[in-house]
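Just start-v6.txt here, compact mmCIF, C-alpha atoms and all ligand atoms:
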```txt
# COMPACT_ATOMS: atom_id res chain seq x y z
CA MET A 1 10.66 -4.94 -40.50
CA GLN A 2 13.26 -7.26 -42.00
CA ILE A 3 17.02 -7.29 -41.68
CA ALA A 4 18.50 -5.67 -44.78
CA ARG A 5 22.00 -4.65 -43.65
CA LEU A 6 24.53 -5.74 -41.06
CA SER A 7 23.86 -2.75 -38.79
CA ASP A 8 20.27 -4.02 -38.36
CA LEU A 9 21.64 -6.75 -36.08
CA ALA A 10 21.89 -4.11 -33.36
CA ASP A 11 18.43 -2.70 -34.03
CA LYS A 12 15.86 -4.01 -31.61
CA THR A 13 12.97 -3.42 -34.01
CA ALA A 14 14.58 -5.26 -36.94
CA CYS A 15 16.19 -7.85 -34.71
CA PRO A 16 14.33 -8.39 -31.44
CA ARG A 17 15.88 -11.84 -30.96
CA LEU A 18 19.41 -12.79 -31.99
CA VAL A 19 21.24 -16.13 -31.91
CA VAL A 20 25.02 -15.77 -31.58
CA LYS A 21 27.03 -18.87 -32.43
CA VAL A 22 30.59 -18.92 -31.19
CA GLY A 23 33.07 -21.26 -32.89
CA SER A 24 35.61 -23.43 -31.06
CA SER A 25 38.65 -21.61 -32.43
CA LEU A 26 37.45 -18.37 -30.81
CA LEU A 27 36.78 -19.86 -27.40
CA VAL A 28 39.74 -22.13 -27.01
CA GLY A 29 43.41 -21.31 -27.57
CA LYS A 30 46.62 -23.18 -26.85
CA GLU A 31 46.40 -22.22 -23.17
CA GLY A 32 42.78 -23.32 -22.77
CA ALA A 33 39.69 -21.09 -22.70
CA ARG A 34 40.24 -17.57 -24.11
CA ARG A 35 38.73 -15.82 -21.15
CA ALA A 36 39.71 -12.23 -21.96
CA TRP A 37 38.24 -12.50 -25.46
CA LEU A 38 35.04 -14.01 -24.11
CA GLU A 39 34.73 -11.18 -21.58
CA GLY A 40 34.65 -8.77 -24.55
CA LEU A 41 31.93 -10.74 -26.33
CA VAL A 42 29.86 -11.08 -23.17
CA ALA A 43 30.03 -7.30 -22.71
CA GLU A 44 28.58 -6.95 -26.21
CA ILE A 45 25.84 -9.47 -25.39
CA ALA A 46 25.03 -7.50 -22.25
CA ALA A 47 24.84 -4.32 -24.38
CA ALA A 48 22.40 -6.03 -26.77
CA ARG A 49 20.27 -7.07 -23.81
CA ALA A 50 20.36 -3.52 -22.48
CA ARG A 51 19.09 -2.33 -25.90
CA GLY A 52 16.11 -4.63 -25.42
CA GLN A 53 17.20 -7.55 -27.63
CA ASP A 54 16.89 -11.19 -26.58
CA VAL A 55 20.11 -13.11 -27.06
CA ILE A 56 20.61 -16.87 -27.33
CA VAL A 57 24.15 -18.22 -27.39
CA VAL A 58 25.15 -21.38 -29.22
CA SER A 59 28.58 -22.17 -27.89
CA SER A 60 31.05 -24.65 -29.34
CA GLY A 61 34.32 -25.45 -27.65
CA ALA A 62 33.42 -28.32 -25.33
CA ILE A 63 35.38 -30.89 -27.32
CA ALA A 64 38.41 -28.65 -27.83
CA LEU A 65 38.48 -27.63 -24.16
CA GLY A 66 37.98 -31.16 -22.86
CA ALA A 67 40.63 -32.55 -25.20
CA ALA A 68 43.15 -30.06 -23.83
CA LYS A 69 42.29 -31.05 -20.25
CA LEU A 70 42.47 -34.78 -20.96
CA GLY A 71 45.54 -34.50 -23.21
CA LEU A 72 43.78 -36.13 -26.16
CA ASP A 73 45.35 -35.72 -29.58
CA LYS A 74 43.62 -34.41 -32.75
CA GLY A 75 41.74 -31.92 -30.59
CA GLY A 76 39.61 -34.78 -29.23
CA ARG A 77 38.24 -35.59 -32.66
CA GLY A 78 40.29 -38.72 -33.29
CA SER A 79 37.33 -41.01 -32.59
CA LEU A 80 33.72 -40.71 -31.50
CA ALA A 81 34.61 -42.04 -28.03
CA ASP A 82 37.31 -39.37 -27.68
CA ALA A 83 34.91 -36.62 -28.77
CA GLN A 84 32.26 -37.81 -26.31
CA ALA A 85 34.70 -38.00 -23.42
CA ALA A 86 36.25 -34.63 -24.29
CA ALA A 87 32.81 -32.99 -24.53
CA ALA A 88 31.80 -34.32 -21.12
CA VAL A 89 34.85 -32.73 -19.53
CA GLY A 90 34.83 -29.55 -21.59
CA GLN A 91 31.13 -28.79 -21.26
CA ILE A 92 31.31 -28.28 -17.48
CA ALA A 93 34.13 -25.78 -17.83
CA LEU A 94 32.44 -24.07 -20.78
CA SER A 95 29.08 -23.56 -19.14
CA GLY A 96 30.76 -22.51 -15.90
CA LEU A 97 32.65 -19.83 -17.76
CA TRP A 98 29.59 -18.51 -19.58
CA ALA A 99 27.59 -18.47 -16.34
CA GLU A 100 30.34 -16.61 -14.51
CA LEU A 101 30.98 -13.99 -17.20
CA LEU A 102 27.29 -13.35 -17.95
CA GLY A 103 26.69 -13.23 -14.19
CA ALA A 104 29.23 -10.40 -13.89
CA HIS A 105 26.77 -8.33 -16.00
CA GLY A 106 23.82 -9.41 -13.88
CA LEU A 107 22.64 -11.90 -16.51
CA THR A 108 21.54 -15.44 -15.74
CA ALA A 109 22.88 -18.20 -17.99
CA ALA A 110 20.73 -21.24 -18.76
CA GLN A 111 22.30 -24.36 -20.23
CA LEU A 112 20.54 -26.48 -22.86
CA LEU A 113 22.24 -29.51 -24.41
CA LEU A 114 20.36 -30.69 -27.48
CA THR A 115 20.63 -33.62 -29.85
CA LEU A 116 19.52 -33.72 -33.47
CA GLU A 117 16.43 -35.72 -32.56
CA ASP A 118 15.31 -33.02 -30.14
CA LEU A 119 14.74 -30.74 -33.12
CA GLU A 120 13.80 -33.28 -35.82
CA ASP A 121 10.87 -34.80 -33.95
CA ARG A 122 7.96 -32.36 -34.13
CA ARG A 123 6.79 -32.91 -30.54
CA ARG A 124 10.27 -32.54 -29.09
CA TYR A 125 10.90 -29.50 -31.31
CA LEU A 126 7.82 -27.77 -29.91
CA ASN A 127 8.96 -28.74 -26.44
CA ALA A 128 12.35 -27.08 -27.04
CA THR A 129 10.48 -24.01 -28.35
CA ALA A 130 8.46 -23.81 -25.15
CA THR A 131 11.54 -24.10 -22.94
CA LEU A 132 13.44 -21.45 -24.88
CA THR A 133 10.50 -19.08 -24.88
CA ARG A 134 10.01 -19.48 -21.15
CA LEU A 135 13.70 -18.89 -20.45
CA LEU A 136 13.78 -15.73 -22.57
CA ASP A 137 10.58 -14.44 -20.97
CA ALA A 138 12.19 -15.02 -17.59
CA GLY A 139 15.18 -12.91 -18.65
CA ALA A 140 17.79 -15.69 -18.91
CA VAL A 141 20.43 -16.07 -21.62
CA PRO A 142 20.23 -19.63 -22.99
CA VAL A 143 23.67 -21.10 -23.70
CA ILE A 144 23.24 -24.06 -26.02
CA ASN A 145 25.49 -26.80 -27.31
CA GLU A 146 24.99 -30.18 -28.86
CA ASN A 147 24.84 -32.97 -26.30
CA ASP A 148 28.01 -34.48 -27.73
CA SER A 149 28.57 -36.96 -24.91
CA VAL A 150 25.46 -38.95 -25.74
CA ALA A 151 25.00 -38.15 -29.42
CA THR A 152 26.34 -40.96 -31.60
CA GLN A 153 27.49 -40.43 -35.17
CA GLU A 154 24.04 -41.16 -36.57
CA ILE A 155 22.17 -38.80 -34.32
CA ARG A 156 24.58 -35.88 -34.33
CA PHE A 157 24.32 -32.49 -35.90
CA GLY A 158 28.10 -32.64 -35.88
CA ASP A 159 28.45 -28.90 -36.27
CA ASN A 160 26.98 -26.02 -34.34
CA ASP A 161 26.29 -23.94 -37.46
CA ARG A 162 23.23 -25.96 -38.40
CA LEU A 163 22.33 -26.38 -34.73
CA ALA A 164 22.30 -22.57 -34.42
CA ALA A 165 19.98 -22.21 -37.43
CA ARG A 166 17.60 -24.83 -36.05
CA VAL A 167 17.66 -23.20 -32.61
CA ALA A 168 16.87 -19.84 -34.23
CA GLN A 169 13.92 -21.42 -35.93
CA ALA A 170 12.69 -23.05 -32.71
CA ALA A 171 13.09 -19.77 -30.82
CA ARG A 172 11.57 -17.68 -33.64
CA ALA A 173 14.69 -15.52 -33.74
CA SER A 174 15.17 -12.77 -36.32
CA ALA A 175 18.81 -13.45 -37.07
CA VAL A 176 21.75 -15.77 -36.51
CA LEU A 177 25.30 -14.44 -36.21
CA LEU A 178 27.87 -17.16 -36.89
CA LEU A 179 31.16 -16.01 -35.39
CA SER A 180 34.20 -17.97 -36.52
CA ASP A 181 37.66 -17.23 -37.87
CA VAL A 182 36.68 -16.26 -41.42
CA ASP A 183 35.43 -12.83 -42.53
CA GLY A 184 32.49 -14.29 -44.41
CA LEU A 185 31.86 -15.94 -47.76
CA PHE A 186 34.37 -15.18 -50.51
CA ASP A 187 33.69 -15.62 -54.20
CA ARG A 188 36.48 -18.24 -54.29
CA ASN A 189 38.92 -19.83 -51.87
CA PRO A 190 39.99 -16.83 -49.71
CA ARG A 191 43.63 -17.87 -50.02
CA GLU A 192 43.53 -17.28 -53.77
CA PRO A 193 44.66 -13.82 -54.90
CA GLY A 194 41.83 -11.45 -55.77
CA ALA A 195 39.22 -13.31 -53.67
CA GLN A 196 36.36 -10.93 -52.82
CA LEU A 197 34.22 -10.97 -49.68
CA LEU A 198 30.51 -11.03 -50.57
CA PRO A 199 28.64 -8.49 -48.41
CA VAL A 200 25.14 -9.80 -49.22
CA VAL A 201 23.84 -13.09 -50.59
CA HIS A 202 20.29 -13.43 -51.91
CA GLY A 203 19.59 -17.13 -51.85
CA VAL A 204 21.99 -20.05 -51.43
CA THR A 205 22.14 -21.15 -55.05
CA ALA A 206 24.34 -23.80 -56.70
CA GLU A 207 26.66 -20.95 -57.73
CA VAL A 208 26.98 -19.80 -54.11
CA ARG A 209 27.59 -23.35 -52.90
CA ALA A 210 30.41 -23.74 -55.42
CA MET A 211 32.27 -20.88 -53.69
CA ALA A 212 32.55 -22.76 -50.39
CA THR A 213 35.53 -24.80 -49.30
CA GLY A 214 34.72 -27.70 -47.01
CA GLU A 215 37.34 -27.61 -44.29
CA SER A 216 37.37 -25.56 -41.10
CA ALA A 217 40.22 -23.05 -41.30
CA SER A 218 41.44 -23.67 -37.76
CA GLY A 219 40.96 -27.45 -37.86
CA MET A 220 39.42 -27.08 -34.40
CA GLY A 221 35.70 -26.89 -35.12
CA SER A 222 33.91 -29.25 -37.44
CA GLY A 223 32.06 -26.66 -39.48
CA GLY A 224 33.85 -25.08 -42.42
CA MET A 225 31.98 -23.01 -44.99
CA THR A 226 29.88 -25.94 -46.22
CA SER A 227 28.02 -26.33 -42.94
CA LYS A 228 27.64 -22.54 -42.69
CA LEU A 229 25.89 -22.48 -46.04
CA GLN A 230 23.64 -25.34 -44.94
CA ALA A 231 22.80 -23.26 -41.88
CA ALA A 232 22.09 -20.29 -44.17
CA GLU A 233 19.68 -22.42 -46.20
CA ILE A 234 17.77 -23.52 -43.10
CA ALA A 235 17.58 -19.91 -41.89
CA GLU A 236 16.60 -18.55 -45.29
CA LEU A 237 13.67 -20.91 -45.58
CA ALA A 238 12.50 -20.00 -42.09
CA GLY A 239 12.61 -16.28 -42.90
CA ILE A 240 15.63 -15.69 -40.65
CA ALA A 241 18.67 -13.61 -41.63
CA LEU A 242 22.09 -15.20 -41.15
CA VAL A 243 25.46 -13.50 -40.93
CA ILE A 244 28.88 -15.13 -41.22
CA ALA A 245 31.54 -12.97 -39.60
CA ASN A 246 34.99 -13.07 -38.11
CA GLY A 247 34.92 -13.13 -34.32
CA THR A 248 38.65 -12.95 -33.71
CA ALA A 249 38.63 -9.18 -33.08
CA GLU A 250 38.30 -7.74 -29.56
CA ALA A 251 34.69 -6.59 -30.00
CA PRO A 252 33.40 -8.88 -32.76
CA VAL A 253 29.77 -7.73 -32.81
CA ALA A 254 30.82 -4.08 -33.19
CA ARG A 255 33.08 -5.06 -36.10
CA VAL A 256 30.06 -6.52 -37.87
CA VAL A 257 27.56 -3.85 -36.94
CA GLU A 258 29.69 -0.71 -37.14
CA GLN A 259 32.29 -1.62 -39.76
CA GLY A 260 29.97 -3.79 -41.82
CA ILE A 261 32.46 -6.64 -42.28
CA GLY A 262 30.73 -9.98 -42.84
CA THR A 263 28.35 -11.73 -45.23
CA LEU A 264 24.62 -11.26 -44.77
CA PHE A 265 22.28 -13.94 -46.15
CA VAL A 266 18.95 -12.23 -46.50
CA PRO A 267 15.88 -14.38 -45.89
CA ARG A 268 14.15 -15.34 -49.12
CA ARG A 269 10.68 -15.98 -47.80
CA ARG A 270 9.01 -16.94 -44.60
CA ALA A 271 7.54 -20.39 -44.91
CA ARG A 272 4.72 -21.22 -42.51
CA ALA A 273 6.26 -22.45 -39.24
CA ARG A 274 5.48 -26.12 -39.78
CA LYS A 275 6.73 -26.07 -43.35
CA ALA A 276 9.93 -24.31 -42.31
CA TRP A 277 10.50 -27.01 -39.71
CA LEU A 278 9.97 -29.65 -42.37
CA GLY A 279 12.32 -27.93 -44.82
CA GLY A 280 15.05 -27.62 -42.20
CA ARG A 281 15.03 -31.29 -41.27
CA LEU A 282 18.40 -32.88 -41.69
CA ARG A 283 17.62 -36.56 -41.54
CA LEU A 284 15.36 -37.94 -44.20
CA LYS A 285 14.56 -41.63 -44.30
CA GLY A 286 14.56 -41.99 -48.07
CA SER A 287 13.78 -40.32 -51.35
CA LEU A 288 11.29 -40.38 -54.16
CA VAL A 289 12.74 -39.77 -57.61
CA VAL A 290 10.29 -37.99 -59.91
CA ASP A 291 10.01 -37.36 -63.66
CA ALA A 292 10.06 -33.94 -65.32
CA GLY A 293 6.26 -33.68 -65.42
CA ALA A 294 5.95 -34.24 -61.68
CA ALA A 295 8.80 -31.79 -61.03
CA ARG A 296 6.87 -29.12 -62.96
CA ALA A 297 3.64 -29.93 -61.14
CA LEU A 298 5.38 -29.66 -57.75
CA ALA A 299 6.87 -26.29 -58.69
CA GLY A 300 3.35 -25.17 -59.58
CA GLY A 301 2.10 -26.07 -56.11
CA SER A 302 0.58 -29.50 -56.75
CA SER A 303 0.77 -32.64 -54.64
CA LEU A 304 3.04 -35.51 -55.70
CA LEU A 305 1.14 -38.34 -57.36
CA ALA A 306 2.41 -41.90 -57.84
CA ALA A 307 2.22 -41.50 -61.61
CA GLY A 308 5.18 -39.09 -61.57
CA ILE A 309 7.47 -41.23 -59.39
CA VAL A 310 10.15 -43.22 -61.20
CA ALA A 311 12.11 -44.70 -58.28
CA VAL A 312 11.99 -45.14 -54.50
CA GLU A 313 15.11 -45.11 -52.32
CA GLY A 314 15.59 -46.01 -48.66
CA THR A 315 13.30 -47.59 -46.11
CA PHE A 316 10.62 -45.42 -44.59
CA ALA A 317 7.26 -45.80 -42.90
CA ARG A 318 4.04 -43.92 -43.55
CA GLY A 319 4.37 -40.36 -42.23
CA ASP A 320 8.18 -40.26 -42.43
CA ALA A 321 9.98 -37.33 -44.01
CA VAL A 322 11.47 -38.03 -47.43
CA ALA A 323 13.32 -36.03 -50.05
CA ILE A 324 11.74 -35.57 -53.47
CA ARG A 325 14.40 -35.30 -56.15
CA ASP A 326 14.74 -35.28 -59.88
CA GLY A 327 16.68 -37.79 -61.97
CA ALA A 328 19.79 -35.58 -61.87
CA GLY A 329 19.87 -35.75 -58.06
CA THR A 330 18.66 -32.21 -57.34
CA VAL A 331 16.43 -32.19 -54.27
CA LEU A 332 13.21 -30.37 -55.14
CA ALA A 333 11.26 -30.71 -51.91
CA ASN A 334 10.97 -32.41 -48.53
CA GLY A 335 7.69 -33.94 -47.56
CA LEU A 336 5.86 -36.37 -45.33
CA CYS A 337 5.00 -39.51 -47.29
CA GLU A 338 1.49 -40.98 -47.15
CA TYR A 339 2.76 -44.48 -47.96
CA ASP A 340 5.67 -46.62 -46.78
CA ALA A 341 8.61 -47.37 -49.08
CA ALA A 342 7.33 -50.77 -50.23
CA GLU A 343 3.90 -49.34 -51.05
CA CYS A 344 5.50 -46.48 -52.99
CA ALA A 345 7.50 -49.01 -54.98
CA ALA A 346 4.28 -50.94 -55.72
CA ILE A 347 2.33 -47.94 -57.01
CA LEU A 348 5.03 -45.85 -58.72
CA GLY A 349 4.18 -44.83 -62.24
CA ARG A 350 0.54 -45.82 -61.76
CA GLN A 351 -2.62 -43.72 -61.74
CA SER A 352 -4.37 -43.03 -58.41
CA GLY A 353 -7.31 -45.18 -59.56
CA ASP A 354 -5.05 -48.27 -59.63
CA HIS A 355 -3.85 -47.95 -56.01
CA ALA A 356 -6.68 -49.88 -54.39
CA ALA A 357 -6.17 -52.88 -56.66
CA LEU A 358 -2.39 -52.79 -56.14
CA LEU A 359 -2.36 -52.28 -52.37
CA GLY A 360 -5.62 -53.87 -51.30
CA TYR A 361 -6.98 -50.85 -49.42
CA ALA A 362 -8.63 -47.53 -50.11
CA PRO A 363 -5.89 -45.22 -51.30
CA ARG A 364 -4.95 -41.67 -50.58
CA PRO A 365 -4.82 -39.93 -53.92
CA ALA A 366 -1.46 -38.20 -53.34
CA VAL A 367 1.77 -39.85 -52.23
CA VAL A 368 2.90 -36.55 -50.71
CA HIS A 369 0.13 -34.04 -50.20
CA ARG A 370 0.89 -30.41 -51.06
CA ASP A 371 0.19 -29.35 -47.45
CA GLN A 372 2.84 -31.79 -46.25
CA LEU A 373 5.66 -30.73 -48.52
CA VAL A 374 7.98 -27.80 -48.79
CA LEU A 375 9.77 -26.79 -51.97
CA LEU A 376 13.50 -26.17 -51.58
N1 LIG B 1 29.60 -29.25 -30.23
C1 LIG B 1 31.01 -29.13 -30.50
C2 LIG B 1 31.75 -28.68 -29.25
O1 LIG B 1 31.21 -28.13 -28.36
C3 LIG B 1 31.33 -28.16 -31.60
C4 LIG B 1 30.75 -28.49 -32.94
C5 LIG B 1 31.31 -27.54 -34.01
O2 LIG B 1 32.52 -27.53 -34.19
O3 LIG B 1 30.55 -26.82 -34.63
O4 LIG B 1 32.92 -28.81 -29.14
```
Can you give me the file's structure in the form of structure tokens?
Amino acid sequence: MQIARLSDLADKTACPRLVVKVGSSLLVGKEGARRAWLEGLVAEIAAARARGQDVIVVSSGAIALGAAKLGLDKGGRGSLADAQAAAAVGQIALSGLWAELLGAHGLTAAQLLLTLEDLEDRRRYLNATATLTRLLDAGAVPVINENDSVATQEIRFGDNDRLAARVAQAARASAVLLLSDVDGLFDRNPREPGAQLLPVVHGVTAEVRAMATGESASGMGSGGMTSKLQAAEIAELAGIALVIANGTAEAPVARVVEQGIGTLFVPRRRARARKAWLGGRLRLKGSLVVDAGAARALAGGSSLLAAGIVAVEGTFARGDAVAIRDGAGTVLANGLCEYDAAECAAILGRQSGDHAALLGYAPRPAVVHRDQLVLL
């Protein structure tokens, strides 16, 4: 059974496992942590658990909380060093608070701090899956954040929206609920008169992306609508529903489930687990630009051959993940490349039969095999 409406988030058959992502602006106010509000949300999490649903929390707020404690300006986001220091201070307080409030309902909190690499590397991704599964089986509530104190700019998710979608994928969750300070996706900038909230979105298309504004409304988190849509794309490909909703109300989950206020992104298809992981990868080492014939062949389910490649970008080794895009810049697929970047450059535009002469060793016929690529 798939999630078709917002009320399904509270249905244990449609949604046996839910990821709830809580944005910084909800958790942290001018006076520090918003304890009373969090007590309300934790009561709703406890109710979901009592209904028989597994719940995983992805909690932001470490940087905002730590910045307040250390007296750092720009909410601790003035520099990477500030953000790392703020996160180190804020994370202790944040996990302590979650543990205490969940504990009051007899629930055990379990902290996981993840970096991008933990979910991009296949072995580490499966490792995270095993840990999450074990924790849920043991009855704990995982409370997850990015490991901001050690993550440098290059190896950061940077926003917990995409982290939540990747965690949902790793934990094989049915849905992700992104709670922030916006009601959902509007058909234009919500500040413009006549802007309409979209209740359901079928597929994150170019038209849908054009509706998003980049900045975070509160200026406190790093997300904004752009990163929420990226999260929706990751979820969609993995067959996971995603909801964007406003968490500022007293009982935010009830507002979504009972009043139906929010935007539901229905999953388009369920890619096989490994392909979904590949499609959700955020760091690609380079790209292969293909001609129209190759683009058509890919859409029809074929492998990518050197003959259809017109340019190679970036530096990558054999087995690295690359983007496959058309001349206009639209990314068509992600895939694992059978050749390194220099070899791709040497064989592009050539027939498979020429590879041995060009490279000096027995070739693989495809540059990206159909089993190793996922169409986007
Ligand atoms: N990991 C960041 C924090 O805990 C939040 C990232 C975001 O704003 O999404 O403060």
Please provide as a PDB file with C-alpha atoms, in the coordinates of the input all residues within 12 Å of Gly353 (chain A), with the sequence filter that same-chain residues fewer than 6 positions apart are discarded (counting only C-alpha atoms).
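Written out: selection-v1.pdb:
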```pdb
ATOM      1  CA  LEU A 305       1.140 -38.340 -57.360  1.00  0.00           C
ATOM      2  CA  ALA A 306       2.410 -41.900 -57.840  1.00  0.00           C
ATOM      3  CA  ALA A 307       2.220 -41.500 -61.610  1.00  0.00           C
ATOM      4  CA  ILE A 347       2.330 -47.940 -57.010  1.00  0.00           C
ATOM      5  CA  LEU A 359      -2.360 -52.280 -52.370  1.00  0.00           C
ATOM      6  CA  TYR A 361      -6.980 -50.850 -49.420  1.00  0.00           C
ATOM      7  CA  ALA A 362      -8.630 -47.530 -50.110  1.00  0.00           C
ATOM      8  CA  PRO A 363      -5.890 -45.220 -51.300  1.00  0.00           C
ATOM      9  CA  ARG A 364      -4.950 -41.670 -50.580  1.00  0.00           C
ATOM     10  CA  PRO A 365      -4.820 -39.930 -53.920  1.00  0.00           C
ATOM     11  CA  ALA A 366      -1.460 -38.200 -53.340  1.00  0.00           C
TER      12      ALA A 366
END
```
Can you check which parts of chain A lie within 7 Å of ligand LIG 1 (chain B)? Per residue, the shortest pair of atoms and distance in Å to one decimal, counting all atoms listed in the file, sorted by chain and number, as a tab-separated table.
```
residue	atom	partner	partner_atom	distance
A:Gly23	CA	B:LIG1	O3	6.3
A:Ser24	CA	B:LIG1	O2	6.0
A:Ser59	CA	B:LIG1	O1	6.5
A:Ser60	CA	B:LIG1	O1	3.6
A:Gly61	CA	B:LIG1	O4	3.9
A:Ala62	CA	B:LIG1	O1	3.8
A:Ile63	CA	B:LIG1	O4	3.7
A:Ala64	CA	B:LIG1	O4	5.6
A:Ala87	CA	B:LIG1	O4	6.2
A:Asn145	CA	B:LIG1	N1	5.6
A:Glu146	CA	B:LIG1	N1	4.9
A:Asp148	CA	B:LIG1	N1	6.0
A:Gly158	CA	B:LIG1	C4	5.7
A:Asp159	CA	B:LIG1	O3	3.4
A:Asn160	CA	B:LIG1	O3	3.7
A:Asp161	CA	B:LIG1	O3	5.9
A:Met220	CA	B:LIG1	O2	6.9
A:Gly221	CA	B:LIG1	O2	3.4
A:Ser222	CA	B:LIG1	O2	3.9
A:Gly223	CA	B:LIG1	O3	5.1
```
Select, from A:Val22, A:Val201, A:Ala43, A:Ala99, the residue with the minimum atom-to-atom distance to Asp181 (chain A), counting all atoms listed in the file.
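Checking each candidate against Asp181 (chain A), we get A:Val22 as the closest.
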Which of these, A:Arg268, A:His105, A:Arg209, A:Arg166, has the shortest distance to Ile234 (chain A) once you count all atoms listed in the file?
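Smallest distance to Ile234 (chain A) is found for A:Arg166.
Nearest-residue note for Lys69 (chain A): choosing from A:Val55, A:Ala88, A:Val200, A:Ala241, the minimum distance belongs to A:Ala88, counting only C-alpha atoms.
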CA of Val57 (chain A) and CA of Trp98 (chain A), how far apart in Å?
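Separating CA of Trp98 (chain A) from CA of Val57 (chain A) is a distance of 9.5 Å.
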Between A:Pro16, A:Gly327, A:Pro193, A:Pro267, smallest distance to Leu242 (chain A) by all atoms listed in the file belongs to A:Pro267
Using all atoms listed in the file, which residues sit within 10 Å of region 289-291 of chain A once same-chain residues fewer than 2 positions away are excluded, as a PyMOL selection string?
chain A and resi 286-287+293-296+298+304-313+323-332+348-349
So the first atom is CA of Leu119 (chain A) and the second is CA of Leu179 (chain A); what is the distance between them in Å, to one decimal place?
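CA of Leu119 (chain A) sits 22.2 Å away from CA of Leu179 (chain A).
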Report, in Å to a single decimal, how far apart CA of Ala67 (chain A) and CA of Val89 (chain A) are.
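A separation of 8.1 Å between them.
Closest to Val208 (chain A) among A:Asp340, A:Glu117, A:Glu233, A:Asp137 is A:Glu233, based on all atoms listed in the file.
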Let me make sure I understand: among A:Leu80, A:Val204, A:Val367, A:Leu229, which one has the smallest atom-to-atom distance to Leu288 (chain A) if we use all atoms listed in the file?
A:Val367
All residues 6 Å or closer to region 195-198 of chain A, all atoms listed in the file, same chain fewer than 3 positions away omitted, as a list in words:
Leu185, Phe186, Asp187, Arg188, Pro190, Glu192 and Thr263 of chain A
Produce the centre coordinates and the three edge lengths, each in Å to one decimal, of the box along x, y and z that contains all listed atoms of region 351-368 of chain A with 8 Å added on each side, as lines of an AutoDock Vina configuration file.
```
center_x = -2.9
center_y = -45.2
center_z = -55.6
size_x = 27.5
size_y = 33.3
size_z = 28.3
```
